[in-house]
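**Student:** Once you've had a glance at the structure underneath, I'll fire off some questions.
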Amino acid sequence: MGNWVENEGLSIFVILIWLGMNVFLFVWYYRFYALRKTFFYTQKLLGIALPLARAPAACLNFNCMLILLPVCRNLLSFLRGSSACCSTRIRRQLDRNLTFHKMVAWMIALHTAIHTIAHLFNVEWCVDARSNNSDPYSIALSDLGDNPNETYLNFARKRFKNPEGGLYVAVTRLAGITGIVITLCLILIITSSTKTIRRSYFELFWYTHHLFVIFFIGLAIHGAERIVRGQTPQSLDQHHHEICEKRISEWGKIKECPIPQFSGNPPMTWKWIVGPMFLYLCERLVRFWRSQQKVVITKVVTHPFKTIELQMKKKGFKMEVGQYIFVKCPKVSRLEWHPFTLTSAPEEDFFSIHIRIVGDWTEGLFNACGCDKQEFQDAWKLPKIAVDGPFGTASEDVFSYEVVMLVGAGIGVTPFASILKSVWYKYCNNATNLRLKKIYFYWLCRDTHAFEWFADLLQLLETQMLERNNAGFLSYNIYLTGWDESQANHFAVHHDEEKDVITGLKQKTLYGRPNWDNEFKTIASQHPNTRIGVFLCGPEALAETLNKQCISNSESGPRGVHFIFNKENF
Amino acid sequence: MGQIEWAMWANEQALASGLILVTGGIVATAGQFTSWWFGAYSIVAGVFICLLEYPRGKRRKGSTMERCGQKYLTKVVKVLGPLSRNYYIRAVLHLGLSVPAGFLLATILGTACLAIASSIYLLAAFHGEQWTPIEPKPKERPQVGGTIKQPPSNPPPRPPAEARKKSGEEEAAASAGVSGGPQENPVPVVDEVV
């Protein structure tokens, strides 16, 4: 029993379409260059390497067009917001933008490899033909262009021998120079984007990634010299290769076979990439404009275990639950933007983020806000902040389900802080038209220290729910995964008490990890025939576990219980 | 970027360069290009570099993710001693290895990438980084019975009979799967799994 179509169907469909387009373009352009008579003589010179270089070039055009689109955050946010009429299914698809970006990147790398290898053969054979190191036919074809009124077929005009000839072509031809430069940029981008570098040295990844600017500029002018030659239409009318192919020594001397004229293909790539480049430029301008808007820090709170909370105000700032913002602090670093989930609810008049101090930038922010000092800080001493966003992610959809399971691991609980606060405010306003009827909340945490700022919120909710006689609305389970023996003794002794010793909450803290299979089965049995949203903000391993559980515990028919998995990612 | 360990990026770049050298070398050799022996050299150099760079070094701060199956190569690379540990030597080695591949167009991309990797390693060496092998921690054998000198001579202290019956109920309800023992449980034992 499982229903992966519900969870994965649309993604797989999109990927199949994308792969299909790649295959189609490859085959179409391969046949274009292999079978058309325009390229008959070019093929004589270059053999299979010609179509094998042009086909991946077409795929590269397609993929380079696509790669910029998934990282236009503001555009995606706009699409997400405007598709409020459309189902959550479409919006879930837009959450997987980074995965798609990476897939397209790998496809670009693959096609670059094929394209480069094919052109290596091209250059070698062209230079050989020009330096009389090849079969007589190719040598004769390469001689075309030496006389006036002739246009060349072989782009190697100097008669240098290989390997110097090949190197000479590479550094004197625009296609050669741009090719080497942009391939180097691509390789540097890829090596600095591996998981190790991204997770541990984010700034290196971010700065090196900006080599894509050079990549795109080089890509646009790569074909400008027009060295891929084909016979001109006028020449094709007068010179037919069926008659003239075998009579190359008589070309220009007999009436049926004038010297064939060649011209290069006009560059096509810019037509593919100019649109997305423009969109991305707009995206960066929007980010810049937003960052210039004034942001005021109204309050800084230090929490235990190296966490700080920044409460801020910005004119015209509107947010939804679970969104995130990018924050820049010029005093710490003039160029770096870092993402943080908003922990405040839309109903509040300020917005806040909770930041864990782990690296250079966060430590710099900690010091800039005066958190290392004991005495009270004046408001004017607080640093200037720039904010971009908010950007929407999966948690916005929480209110469109009847029943939800919220799972947060460690600091991953932050988007859910926003949701629970919003829930509380909606309750206060007596919004009984809330579609959301039941929340199952799981917080997996290593340390007890991290509880404190969140425990207050849960206590408030507990009292609120008791007052309204709806204690069952929110059922939360806090799992302490890092307990030791002395703590275990303490728990065992205080087992009987009404309130939990750690959190002061009525629902007890649990130890170890949850048994997900049981959890899902219990919830499925309590809510038959419902669509249940499962929202996770946490590590990959947990995401895989929950995804599998969602698929295996969903019933296959359209009726019956369905678990829909949503994962936060940046 | 104060906390960055440049060697991590240099390692990725060098590994990529090795692969590119191998690919370029195969193209030149299989295509029998002029002076294809440079291509053959490229393949050998590329394989050597891949083997040298495959085992990731240990990071100074935090945990390091090992590459799949790297522990076998770690032993070999460790044997090279200062040749593998010192990043100045690695920088010079990579620069030297990259030069012959620069004579062929097919492998010149490998030269460029390897030269870049060499300069990042130089930067890493300036910052005082060095390659430390990731060693598996020796498993601590639990000392079975190491602290027990003599078996206990008295039975464990127990509360009086009525309290024992009451705590028996609670224990049965609270703890999962504990065997009941000789006493009779008035309440059936329920496996409490949350």
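Letters for chains follow the order of the structure tokens (A, B, ...), residue numbers begin at 1 for each chain, and ligand numbers begin at 1 in the order shown.
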Give me the residues near region 107-113 of chain B as a list in words, where near means some atom within 7 Å (using only C-alpha atoms) and where sequence neighbours in that chain fewer than 5 positions away do not count.
**Tutor:**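 Close residues of region 107-113 of chain B: Ser17, Ile20, Leu21, Gly24, Gly25, Gly39, Ser98, Val99, Ala101 and Gly102 of chain B.
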**Student:** Per residue of chain B within 6 Å of chain A, record the nearest atom pair and its distance in Å to one decimal, counting only C-alpha atoms, with rows in chain order and ascending residue number, as a tab-separated table.
**Tutor:**
residue	atom	partner	partner_atom	distance
B:Ile4	CA	A:Tyr201	CA	5.9
B:Glu12	CA	A:Thr191	CA	5.6
B:Gln13	CA	A:Thr191	CA	5.6
B:Thr34	CA	A:Asn162	CA	6.0
B:Leu104	CA	A:Pro163	CA	5.7
B:Leu105	CA	A:Leu167	CA	5.4
**Student:** Tell me which of A:Thr414, A:Gln323, A:Ser552, A:Thr343 sits closest to Gly538 (chain A), counting only C-alpha atoms.
**Tutor:**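 Counting only C-alpha atoms, the residue closest to Gly538 (chain A) is A:Thr414.
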**Student:** Record the distance separating CA of Arg513 (chain A) and CA of Thr481 (chain A), expressed in Å with one decimal.
**Tutor:**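 These two atoms are separated by 6.1 Å.
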